[in-house]
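Data from structure21.cif: mmCIF, C-alpha atoms and all ligand atoms
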data_entry
loop_
_atom_site.label_atom_id
_atom_site.label_comp_id
_atom_site.auth_asym_id
_atom_site.auth_seq_id
_atom_site.Cartn_x
_atom_site.Cartn_y
_atom_site.Cartn_z
CA MET A 1 -17.34 31.14 -4.17
CA GLU A 2 -16.73 29.68 -7.61
CA PRO A 3 -19.82 28.25 -9.23
CA MET A 4 -19.77 24.47 -9.64
CA PRO A 5 -18.45 23.66 -13.11
CA GLU A 6 -20.73 21.93 -15.53
CA TYR A 7 -18.94 18.67 -16.33
CA VAL A 8 -19.28 17.20 -19.81
CA ILE A 9 -19.13 13.67 -18.40
CA PRO A 10 -20.00 12.41 -14.91
CA ALA A 11 -17.29 13.54 -12.45
CA PRO A 12 -15.49 10.63 -10.74
CA ALA A 13 -16.27 10.16 -7.05
CA VAL A 14 -13.57 10.99 -4.48
CA PRO A 15 -12.12 7.65 -3.35
CA CYS A 16 -12.08 7.43 0.43
CA LEU A 17 -11.44 5.07 3.30
CA PRO A 18 -13.62 4.48 6.35
CA ILE A 19 -12.24 5.57 9.71
CA ARG A 20 -12.25 3.22 12.65
CA GLY A 21 -14.82 4.26 15.24
CA SER A 22 -16.32 7.07 13.15
CA ASP A 23 -18.78 7.66 10.32
CA ALA A 24 -16.40 10.22 8.79
CA ARG A 25 -14.22 9.24 5.83
CA PHE A 26 -10.60 9.75 4.82
CA PRO A 27 -10.47 11.16 1.26
CA VAL A 28 -7.66 9.67 -0.81
CA HIS A 29 -5.39 11.74 -3.02
CA ARG A 30 -2.54 9.45 -4.18
CA ILE A 31 -1.28 5.99 -3.24
CA TYR A 32 2.51 5.79 -3.02
CA CYS A 33 4.15 2.39 -2.50
CA VAL A 34 7.66 1.58 -1.27
CA GLY A 35 9.47 -1.34 -2.88
CA ARG A 36 11.69 -3.87 -1.07
CA ASN A 37 11.54 -2.44 2.43
CA TYR A 38 12.07 -5.64 4.45
CA ALA A 39 15.44 -7.38 4.06
CA ALA A 40 13.95 -10.90 3.97
CA HIS A 41 11.57 -9.90 1.16
CA ALA A 42 14.38 -8.23 -0.82
CA ILE A 43 16.33 -11.48 -0.57
CA GLU A 44 13.38 -13.66 -1.65
CA MET A 45 12.97 -11.44 -4.72
CA GLY A 46 16.64 -11.90 -5.62
CA HIS A 47 17.99 -8.54 -4.45
CA ASP A 48 20.67 -7.32 -2.10
CA PRO A 49 19.13 -6.35 1.26
CA ASP A 50 21.63 -3.55 1.83
CA ARG A 51 20.10 -0.21 2.61
CA GLU A 52 19.84 1.27 -0.88
CA LEU A 53 17.72 4.41 -1.14
CA PRO A 54 13.99 3.66 -1.08
CA PHE A 55 12.18 3.56 -4.41
CA PHE A 56 8.55 4.19 -5.12
CA PHE A 57 5.73 3.32 -7.46
CA LEU A 58 2.09 4.33 -7.39
CA LYS A 59 -1.30 2.75 -7.42
CA ASN A 60 -4.45 4.58 -8.42
CA PRO A 61 -6.75 5.88 -5.68
CA ASP A 62 -9.70 4.14 -7.32
CA ASN A 63 -7.89 0.77 -7.07
CA LEU A 64 -8.98 0.56 -3.41
CA VAL A 65 -11.20 -2.28 -2.20
CA LEU A 66 -13.05 -1.30 0.98
CA ASP A 67 -14.91 -3.03 3.79
CA ASN A 68 -13.34 -6.48 3.31
CA GLY A 69 -14.82 -6.64 -0.17
CA ASP A 70 -13.95 -9.35 -2.67
CA PHE A 71 -10.85 -9.23 -4.87
CA PRO A 72 -11.76 -10.17 -8.46
CA TYR A 73 -8.91 -12.17 -10.00
CA PRO A 74 -7.52 -9.80 -12.65
CA PRO A 75 -7.11 -10.53 -16.37
CA LYS A 76 -3.92 -11.29 -18.36
CA THR A 77 -2.10 -13.00 -15.50
CA GLY A 78 -1.59 -16.42 -13.98
CA ASN A 79 0.43 -15.34 -10.96
CA VAL A 80 -1.21 -12.82 -8.62
CA HIS A 81 0.64 -12.32 -5.33
CA HIS A 82 -0.41 -10.98 -1.94
CA GLU A 83 1.74 -8.38 -0.15
CA VAL A 84 0.53 -7.23 3.29
CA GLU A 85 1.70 -3.76 4.27
CA LEU A 86 1.38 -1.04 6.89
CA VAL A 87 -0.19 2.04 5.31
CA ALA A 88 0.49 5.58 6.54
CA ALA A 89 -2.26 8.13 5.84
CA ILE A 90 -1.01 11.70 5.37
CA GLY A 91 -3.12 14.37 7.07
CA ARG A 92 -0.89 17.37 6.54
CA GLY A 93 1.03 17.87 3.32
CA GLY A 94 4.43 19.35 2.67
CA SER A 95 7.70 19.26 0.76
CA GLU A 96 11.18 18.59 2.13
CA ILE A 97 9.74 17.40 5.43
CA GLY A 98 12.41 16.62 8.02
CA VAL A 99 12.62 13.17 9.61
CA ASP A 100 11.98 14.67 13.05
CA ALA A 101 8.79 16.41 11.88
CA ALA A 102 7.53 13.59 9.67
CA LEU A 103 5.17 11.91 12.13
CA ASP A 104 3.29 15.20 12.61
CA HIS A 105 2.13 14.82 9.00
CA ILE A 106 0.53 11.41 9.53
CA TRP A 107 -3.16 11.32 10.41
CA GLY A 108 -3.45 7.61 10.89
CA TYR A 109 -2.59 4.09 9.78
CA ALA A 110 -4.27 1.23 7.96
CA VAL A 111 -3.55 -2.30 6.79
CA GLY A 112 -3.28 -2.70 3.04
CA LEU A 113 -2.70 -5.35 0.41
CA ASP A 114 -0.42 -4.51 -2.50
CA MET A 115 -1.88 -7.10 -4.87
CA THR A 116 0.57 -7.73 -7.68
CA ARG A 117 0.42 -9.38 -11.11
CA ARG A 118 3.88 -10.84 -10.49
CA ASP A 119 4.28 -12.32 -13.98
CA LEU A 120 3.54 -8.99 -15.67
CA GLN A 121 5.70 -7.10 -13.17
CA ALA A 122 8.58 -9.50 -13.91
CA GLU A 123 8.20 -8.94 -17.67
CA MET A 124 8.27 -5.17 -17.13
CA LYS A 125 11.31 -5.43 -14.85
CA ASN A 126 13.16 -7.51 -17.43
CA ALA A 127 12.28 -5.07 -20.21
CA GLY A 128 13.14 -2.01 -18.08
CA ARG A 129 9.54 -0.79 -18.36
CA PRO A 130 7.22 0.82 -15.78
CA TRP A 131 5.36 -1.39 -13.30
CA GLU A 132 1.81 -0.05 -13.57
CA ILE A 133 0.33 -3.09 -15.29
CA GLY A 134 1.77 -5.29 -12.56
CA LYS A 135 0.79 -3.07 -9.66
CA ALA A 136 -1.88 -0.46 -10.43
CA PHE A 137 -4.76 -2.50 -11.86
CA GLU A 138 -8.40 -2.51 -10.79
CA HIS A 139 -9.01 -3.69 -7.19
CA SER A 140 -5.23 -3.97 -6.58
CA ALA A 141 -5.36 -2.18 -3.22
CA PRO A 142 -7.68 -3.79 -0.65
CA MET A 143 -7.44 -1.67 2.51
CA SER A 144 -8.75 -1.56 6.07
CA ALA A 145 -10.32 1.38 7.86
CA VAL A 146 -7.89 4.07 8.98
CA ALA A 147 -7.01 4.03 12.69
CA PRO A 148 -6.33 7.60 13.88
CA ALA A 149 -2.81 8.24 15.17
CA ALA A 150 -4.50 10.29 17.90
CA GLU A 151 -5.76 6.95 19.23
CA ILE A 152 -3.08 4.40 18.36
CA GLY A 153 0.04 6.55 18.21
CA HIS A 154 2.74 5.88 15.61
CA PRO A 155 3.55 2.15 15.62
CA ALA A 156 7.28 1.41 15.18
CA GLU A 157 6.94 -2.26 16.09
CA GLY A 158 4.19 -4.84 15.90
CA ARG A 159 3.55 -8.15 14.20
CA VAL A 160 2.63 -8.10 10.51
CA GLU A 161 0.88 -11.27 9.43
CA LEU A 162 -0.96 -12.71 6.44
CA ARG A 163 -2.87 -15.98 6.23
CA VAL A 164 -4.34 -17.72 3.22
CA ASN A 165 -7.21 -20.07 4.12
CA GLY A 166 -6.02 -19.94 7.72
CA GLU A 167 -2.41 -20.85 6.97
CA ILE A 168 0.34 -18.34 7.75
CA ARG A 169 2.13 -17.15 4.61
CA GLN A 170 3.71 -13.83 5.60
CA GLU A 171 5.18 -12.89 8.96
CA GLY A 172 7.24 -9.94 10.00
CA ASP A 173 7.44 -7.04 12.39
CA LEU A 174 7.32 -3.31 11.77
CA ASN A 175 10.67 -3.08 13.54
CA GLN A 176 12.17 -4.88 10.50
CA LEU A 177 11.37 -2.03 8.09
CA ILE A 178 14.62 -1.06 6.33
CA TRP A 179 13.36 2.51 5.88
CA LYS A 180 11.27 3.61 8.85
CA VAL A 181 8.03 5.51 8.36
CA PRO A 182 9.48 8.98 9.26
CA GLU A 183 12.38 8.38 6.86
CA ILE A 184 10.00 7.34 4.07
CA VAL A 185 7.86 10.45 4.56
CA ALA A 186 10.94 12.70 4.62
CA TYR A 187 12.51 11.17 1.50
CA LEU A 188 9.26 10.94 -0.47
CA SER A 189 8.43 14.58 0.33
CA GLY A 190 11.68 15.59 -1.36
CA LEU A 191 10.52 13.92 -4.57
CA PHE A 192 6.82 14.86 -4.51
CA GLU A 193 4.77 17.44 -2.71
CA LEU A 194 2.82 15.37 -0.21
CA ARG A 195 -0.83 16.31 0.09
CA PRO A 196 -3.49 15.58 2.68
CA GLY A 197 -5.10 12.32 1.60
CA ASP A 198 -1.94 10.67 0.33
CA LEU A 199 -1.46 7.06 1.37
CA ILE A 200 1.94 5.42 1.66
CA MET A 201 2.18 1.62 1.50
CA THR A 202 5.40 0.93 3.37
CA GLY A 203 6.52 -2.43 1.92
CA THR A 204 5.90 -6.08 2.60
CA PRO A 205 7.67 -8.70 4.74
CA ALA A 206 8.85 -12.04 3.33
CA GLY A 207 6.50 -14.79 2.25
CA VAL A 208 4.75 -13.28 -0.75
CA GLY A 209 3.06 -15.85 -2.93
CA PRO A 210 0.23 -16.62 -5.32
CA VAL A 211 -3.50 -16.65 -4.67
CA VAL A 212 -6.22 -18.48 -6.59
CA ARG A 213 -9.96 -17.98 -6.87
CA GLY A 214 -11.72 -19.09 -3.70
CA ASP A 215 -8.84 -18.23 -1.37
CA LEU A 216 -9.56 -16.21 1.76
CA VAL A 217 -6.72 -13.77 2.50
CA GLU A 218 -6.65 -12.40 6.06
CA CYS A 219 -3.98 -10.03 7.27
CA SER A 220 -3.22 -7.79 10.20
CA VAL A 221 -0.77 -5.34 11.66
CA ALA A 222 -0.70 -5.46 15.46
CA GLY A 223 -2.03 -2.25 16.97
CA VAL A 224 -3.37 -1.00 13.64
CA GLY A 225 -6.07 -3.30 12.34
CA ALA A 226 -7.02 -6.22 10.16
CA LEU A 227 -8.26 -6.84 6.66
CA ALA A 228 -9.76 -9.78 4.80
CA THR A 229 -10.59 -10.37 1.16
CA ARG A 230 -11.94 -13.32 -0.80
CA ILE A 231 -10.38 -14.01 -4.21
CA VAL A 232 -13.26 -14.38 -6.68
MN MN B 301 4.53 -3.94 -1.97
#
Go ahead and express the file in the form of structure tokens.
Ligand code: MN
Amino acid sequence: MEPMPEYVIPAPAVPCLPIRGSDARFPVHRIYCVGRNYAAHAIEMGHDPDRELPFFFLKNPDNLVLDNGDFPYPPKTGNVHHEVELVAAIGRGGSEIGVDAALDHIWGYAVGLDMTRRDLQAEMKNAGRPWEIGKAFEHSAPMSAVAPAAEIGHPAEGRVELRVNGEIRQEGDLNQLIWKVPEIVAYLSGLFELRPGDLIMTGTPAGVGPVVRGDLVECSVAGVGALATRIV
């Protein structure tokens, strides 16, 4: 066995998610996100809902907020939006995975929030620049515990819902995904080598909108789980 290296600075911790019904953890490698994957959301953002190829951006694994923790309102923005999403957790990696084999690579599912500095994202879109400052900032990925696929199966339908202070803001159903989870895994694995621990945020239904300090955001995906965060 290799001796442990002596690090010159403290080594970062491995980000991980809790697992529903277990004390074990799911270690996180990367966080991939799919853009515009519900037709109604594509339309509300001013895009054509036709089935263009999926596109991806990333968040940082240490952007996760666990255990229904608070979401600190981020700096340099006046327009932070909520986006509730089904998250697929990859348990077995691979490249060029076929659609028919894709579900075998998924260990479980979670509910996630793709918190977005919409004003900064819009500036970057207009300038043709990358989206990181709009999407991959600190605390930008509140997430629930992972529900094992061995227990819940692979949900292809189920209500997706988000409430702010008890009022419904986002509603949809997994059966409205433009690109289905097996198709996302197959396509993404042609672009990147998927690794155990990768998370894929699969896109948000219509109804995205701003939050302000003090808001309570509660969201759920039927059959998968629920998540809440307070904007502070
Ligand atoms: Mn999103």
Item checked: Given 12 Å and only C-alpha atoms and all ligand atoms, residues near ligand MN 301 (chain B) as a VMD selection string -> chain A and resid 31 to 38 41 to 42 45 55 to 59 81 to 87 112 to 118 121 131 134 to 136 140 to 141 200 to 208
Next item on the list: Enter the distance from CA of Met143 (chain A) to CA of Ile184 (chain A), in Å, rounded to one decimal.
Entry: 19.7 Å
Checklist line | For Leu66 (chain A), the nearest of the candidates A:Asp100, A:Asn79, A:Ala88, A:Val111, counting all atoms listed in the file | finding: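 Residue with the minimum atom-to-atom distance to Leu66 (chain A): A:Val111.
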For the interface of region 95-172 of chain A with region 17-28 of chain A (cut-off 12 Å, counting only C-alpha atoms), please tabulate each contacting residue of region 95-172 of chain A alongside its nearest pair of atoms and their separation in Å to one decimal, rows sorted by chain and increasing number, as a tab-separated table.
residue	atom	partner	partner_atom	distance
A:Trp107	CA	A:Phe26	CA	9.4
A:Gly108	CA	A:Ile19	CA	9.1
A:Tyr109	CA	A:Ile19	CA	9.8
A:Ala110	CA	A:Ile19	CA	9.2
A:Val111	CA	A:Leu17	CA	11.3
A:Gly112	CA	A:Leu17	CA	11.3
A:Ala141	CA	A:Leu17	CA	11.5
A:Pro142	CA	A:Leu17	CA	10.4
A:Met143	CA	A:Leu17	CA	7.9
A:Ser144	CA	A:Leu17	CA	7.7
A:Ala145	CA	A:Pro18	CA	4.8
A:Val146	CA	A:Ile19	CA	4.7
A:Ala147	CA	A:Arg20	CA	5.3
A:Pro148	CA	A:Arg20	CA	7.5
A:Ala149	CA	A:Arg20	CA	11.0
A:Ala150	CA	A:Arg20	CA	11.7
A:Glu151	CA	A:Arg20	CA	10.0
A:Ile152	CA	A:Arg20	CA	10.9
Would you mind exporting the chosen residues as an mmCIF file, keeping the file's coordinate frame, restricted to C-alpha atoms?
data_model
loop_
_atom_site.group_PDB
_atom_site.id
_atom_site.type_symbol
_atom_site.label_atom_id
_atom_site.label_comp_id
_atom_site.auth_asym_id
_atom_site.auth_seq_id
_atom_site.Cartn_x
_atom_site.Cartn_y
_atom_site.Cartn_z
ATOM 1 C CA TRP A 107 -3.160 11.320 10.410
ATOM 2 C CA GLY A 108 -3.450 7.610 10.890
ATOM 3 C CA TYR A 109 -2.590 4.090 9.780
ATOM 4 C CA ALA A 110 -4.270 1.230 7.960
ATOM 5 C CA VAL A 111 -3.550 -2.300 6.790
ATOM 6 C CA GLY A 112 -3.280 -2.700 3.040
ATOM 7 C CA ALA A 141 -5.360 -2.180 -3.220
ATOM 8 C CA PRO A 142 -7.680 -3.790 -0.650
ATOM 9 C CA MET A 143 -7.440 -1.670 2.510
ATOM 10 C CA SER A 144 -8.750 -1.560 6.070
ATOM 11 C CA ALA A 145 -10.320 1.380 7.860
ATOM 12 C CA VAL A 146 -7.890 4.070 8.980
ATOM 13 C CA ALA A 147 -7.010 4.030 12.690
ATOM 14 C CA PRO A 148 -6.330 7.600 13.880
ATOM 15 C CA ALA A 149 -2.810 8.240 15.170
ATOM 16 C CA ALA A 150 -4.500 10.290 17.900
ATOM 17 C CA GLU A 151 -5.760 6.950 19.230
ATOM 18 C CA ILE A 152 -3.080 4.400 18.360
#
Next item on the list: Could you please determine the separation between CA of Leu227 (chain A) and CA of Ile106 (chain A) in Å, to one decimal place?
Entry: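 Interatomic distance here is 20.5 Å.
Interatomic distance, CA of Asn175 (chain A) against CA of Glu157 (chain A): 4.6 Å.
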Next item on the list: Find the residues around Ala186 (chain A) up to 6 Å (all atoms listed in the file counted), leave out those fewer than 2 positions away in its own chain, and share them as a PyMOL selection string.
Entry: chain A and resi 97-99+183-184+188-189
Checklist line | Among listed residues A:Leu191, A:Asp48, A:Val221, A:Leu199, nearest Glu171 (chain A) (using only C-alpha atoms) | finding: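 Ranking A:Leu191, A:Asp48, A:Val221, A:Leu199 by distance to Glu171 (chain A), first place goes to A:Val221.
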Check: Which neighbours of Glu161 (chain A) fall inside 9 Å, counting only C-alpha atoms, when residues of the same chain fewer than 2 positions from it are skipped, and could you give them as a list in words?
Finding: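 Contacts, in chain order: Val84, Arg159, Arg163, Ile168, Arg169, Gln170, Glu171, Gly172, Asp173, Pro205, Glu218, Cys219, Ser220, Val221 and Ala222 of chain A.
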Notebook entry, point to check: With all atoms listed in the file as the basis for distance, which of A:Gly153, A:Pro182, A:Pro49, A:Gly94 is at the shortest distance from Pro196 (chain A)?
Noted result: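 Once distances to Pro196 (chain A) are computed over all atoms listed in the file, the minimum belongs to A:Gly94.
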Notebook entry, point to check: When distances are computed from all atoms listed in the file, which of A:Gly158, A:Pro74, A:Gly91, A:Gly166 shows the smallest separation from Gly225 (chain A)?
Noted result: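 Ranked by minimum distance to Gly225 (chain A), first place goes to A:Gly158.
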Margin query: Given only C-alpha atoms as the basis, pick out the residue of A:Cys16, A:Met124, A:Ala102, A:Ala11 nearest to Gly190 (chain A).
Written below: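 Answer, going by the shortest atom-to-atom distance: A:Ala102.
The protein and nucleic acid residues lying at most 9 Å from Leu216 (chain A) are Arg163, Val164, Asn165, Gly166, Val211, Arg213, Ala228, Thr229, Arg230 and Ile231 of chain A, with only C-alpha atoms considered and sequence neighbours fewer than 3 positions away removed.
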Notebook entry, point to check: Taking (-11.6, -9.8, -13.1) in the file's coordinates as the center, which residues reach within 12 Å of it, counting all atoms listed in the file, put as a PyMOL selection string?
Noted result: chain A and resi 70-77+80+137-140+213+231-232
Check: Given the choices A:His154, A:Arg195, A:Arg30, A:Arg51, which gets closest to Ile178 (chain A) if the distance is worked out from all atoms listed in the file?
Finding: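 The answer is A:Arg51, which sits nearest to Ile178 (chain A).
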Once N, CA and C atoms are restored for region 94-121 of chain A, what would the output be as a PDB file, in the frame of the given file?
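Saved as selection-v4.pdb:
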ATOM      1  N   GLY A  94       3.188  18.596   2.561  1.00  0.00           N
ATOM      2  CA  GLY A  94       4.430  19.350   2.670  1.00  0.00           C
ATOM      3  C   GLY A  94       5.492  18.827   1.734  1.00  0.00           C
ATOM      4  N   SER A  95       6.523  19.642   1.534  1.00  0.00           N
ATOM      5  CA  SER A  95       7.700  19.260   0.760  1.00  0.00           C
ATOM      6  C   SER A  95       8.919  19.359   1.664  1.00  0.00           C
ATOM      7  N   GLU A  96       9.929  18.541   1.370  1.00  0.00           N
ATOM      8  CA  GLU A  96      11.180  18.590   2.130  1.00  0.00           C
ATOM      9  C   GLU A  96      10.906  18.523   3.634  1.00  0.00           C
ATOM     10  N   ILE A  97      10.063  17.582   4.014  1.00  0.00           N
ATOM     11  CA  ILE A  97       9.740  17.400   5.430  1.00  0.00           C
ATOM     12  C   ILE A  97      10.938  16.723   6.125  1.00  0.00           C
ATOM     13  N   GLY A  98      11.296  17.212   7.276  1.00  0.00           N
ATOM     14  CA  GLY A  98      12.410  16.620   8.020  1.00  0.00           C
ATOM     15  C   GLY A  98      11.980  15.328   8.709  1.00  0.00           C
ATOM     16  N   VAL A  99      12.938  14.437   8.938  1.00  0.00           N
ATOM     17  CA  VAL A  99      12.620  13.170   9.610  1.00  0.00           C
ATOM     18  C   VAL A  99      11.974  13.433  10.973  1.00  0.00           C
ATOM     19  N   ASP A 100      12.494  14.415  11.707  1.00  0.00           N
ATOM     20  CA  ASP A 100      11.980  14.670  13.050  1.00  0.00           C
ATOM     21  C   ASP A 100      10.549  15.189  13.058  1.00  0.00           C
ATOM     22  N   ALA A 101      10.146  15.845  11.965  1.00  0.00           N
ATOM     23  CA  ALA A 101       8.790  16.410  11.880  1.00  0.00           C
ATOM     24  C   ALA A 101       7.822  15.480  11.169  1.00  0.00           C
ATOM     25  N   ALA A 102       8.329  14.385  10.606  1.00  0.00           N
ATOM     26  CA  ALA A 102       7.530  13.590   9.670  1.00  0.00           C
ATOM     27  C   ALA A 102       6.249  13.024  10.297  1.00  0.00           C
ATOM     28  N   LEU A 103       6.345  12.560  11.531  1.00  0.00           N
ATOM     29  CA  LEU A 103       5.170  11.910  12.130  1.00  0.00           C
ATOM     30  C   LEU A 103       4.023  12.899  12.337  1.00  0.00           C
ATOM     31  N   ASP A 104       4.353  14.197  12.459  1.00  0.00           N
ATOM     32  CA  ASP A 104       3.290  15.200  12.610  1.00  0.00           C
ATOM     33  C   ASP A 104       2.411  15.291  11.378  1.00  0.00           C
ATOM     34  N   HIS A 105       2.888  14.745  10.261  1.00  0.00           N
ATOM     35  CA  HIS A 105       2.130  14.820   9.000  1.00  0.00           C
ATOM     36  C   HIS A 105       1.220  13.614   8.795  1.00  0.00           C
ATOM     37  N   ILE A 106       1.301  12.640   9.698  1.00  0.00           N
ATOM     38  CA  ILE A 106       0.530  11.410   9.530  1.00  0.00           C
ATOM     39  C   ILE A 106      -0.732  11.455  10.386  1.00  0.00           C
ATOM     40  N   TRP A 107      -1.868  11.277   9.714  1.00  0.00           N
ATOM     41  CA  TRP A 107      -3.160  11.320  10.410  1.00  0.00           C
ATOM     42  C   TRP A 107      -3.500   9.984  11.043  1.00  0.00           C
ATOM     43  N   GLY A 108      -3.101   8.922  10.369  1.00  0.00           N
ATOM     44  CA  GLY A 108      -3.450   7.610  10.890  1.00  0.00           C
ATOM     45  C   GLY A 108      -2.811   6.502  10.081  1.00  0.00           C
ATOM     46  N   TYR A 109      -3.204   5.268  10.404  1.00  0.00           N
ATOM     47  CA  TYR A 109      -2.590   4.090   9.780  1.00  0.00           C
ATOM     48  C   TYR A 109      -3.667   3.074   9.408  1.00  0.00           C
ATOM     49  N   ALA A 110      -3.355   2.288   8.385  1.00  0.00           N
ATOM     50  CA  ALA A 110      -4.270   1.230   7.960  1.00  0.00           C
ATOM     51  C   ALA A 110      -3.450   0.002   7.578  1.00  0.00           C
ATOM     52  N   VAL A 111      -4.156  -1.087   7.325  1.00  0.00           N
ATOM     53  CA  VAL A 111      -3.550  -2.300   6.790  1.00  0.00           C
ATOM     54  C   VAL A 111      -3.951  -2.397   5.326  1.00  0.00           C
ATOM     55  N   GLY A 112      -2.966  -2.634   4.463  1.00  0.00           N
ATOM     56  CA  GLY A 112      -3.280  -2.700   3.040  1.00  0.00           C
ATOM     57  C   GLY A 112      -2.673  -3.920   2.378  1.00  0.00           C
ATOM     58  N   LEU A 113      -3.255  -4.284   1.243  1.00  0.00           N
ATOM     59  CA  LEU A 113      -2.700  -5.350   0.410  1.00  0.00           C
ATOM     60  C   LEU A 113      -2.246  -4.739  -0.913  1.00  0.00           C
ATOM     61  N   ASP A 114      -0.971  -4.927  -1.207  1.00  0.00           N
ATOM     62  CA  ASP A 114      -0.420  -4.510  -2.500  1.00  0.00           C
ATOM     63  C   ASP A 114      -0.496  -5.728  -3.420  1.00  0.00           C
ATOM     64  N   MET A 115      -1.688  -5.935  -3.993  1.00  0.00           N
ATOM     65  CA  MET A 115      -1.880  -7.100  -4.870  1.00  0.00           C
ATOM     66  C   MET A 115      -1.119  -6.855  -6.176  1.00  0.00           C
ATOM     67  N   THR A 116      -0.438  -7.889  -6.628  1.00  0.00           N
ATOM     68  CA  THR A 116       0.570  -7.730  -7.680  1.00  0.00           C
ATOM     69  C   THR A 116       0.421  -8.812  -8.743  1.00  0.00           C
ATOM     70  N   ARG A 117       0.330  -8.397 -10.015  1.00  0.00           N
ATOM     71  CA  ARG A 117       0.420  -9.380 -11.110  1.00  0.00           C
ATOM     72  C   ARG A 117       1.909  -9.653 -11.318  1.00  0.00           C
ATOM     73  N   ARG A 118       2.434 -10.653 -10.570  1.00  0.00           N
ATOM     74  CA  ARG A 118       3.880 -10.840 -10.490  1.00  0.00           C
ATOM     75  C   ARG A 118       4.477 -11.184 -11.853  1.00  0.00           C
ATOM     76  N   ASP A 119       3.748 -11.949 -12.665  1.00  0.00           N
ATOM     77  CA  ASP A 119       4.280 -12.320 -13.980  1.00  0.00           C
ATOM     78  C   ASP A 119       4.438 -11.088 -14.869  1.00  0.00           C
ATOM     79  N   LEU A 120       3.439 -10.204 -14.843  1.00  0.00           N
ATOM     80  CA  LEU A 120       3.540  -8.990 -15.670  1.00  0.00           C
ATOM     81  C   LEU A 120       4.590  -8.040 -15.114  1.00  0.00           C
ATOM     82  N   GLN A 121       4.664  -7.950 -13.773  1.00  0.00           N
ATOM     83  CA  GLN A 121       5.700  -7.100 -13.170  1.00  0.00           C
ATOM     84  C   GLN A 121       7.090  -7.599 -13.571  1.00  0.00           C
TER      85      GLN A 121
END
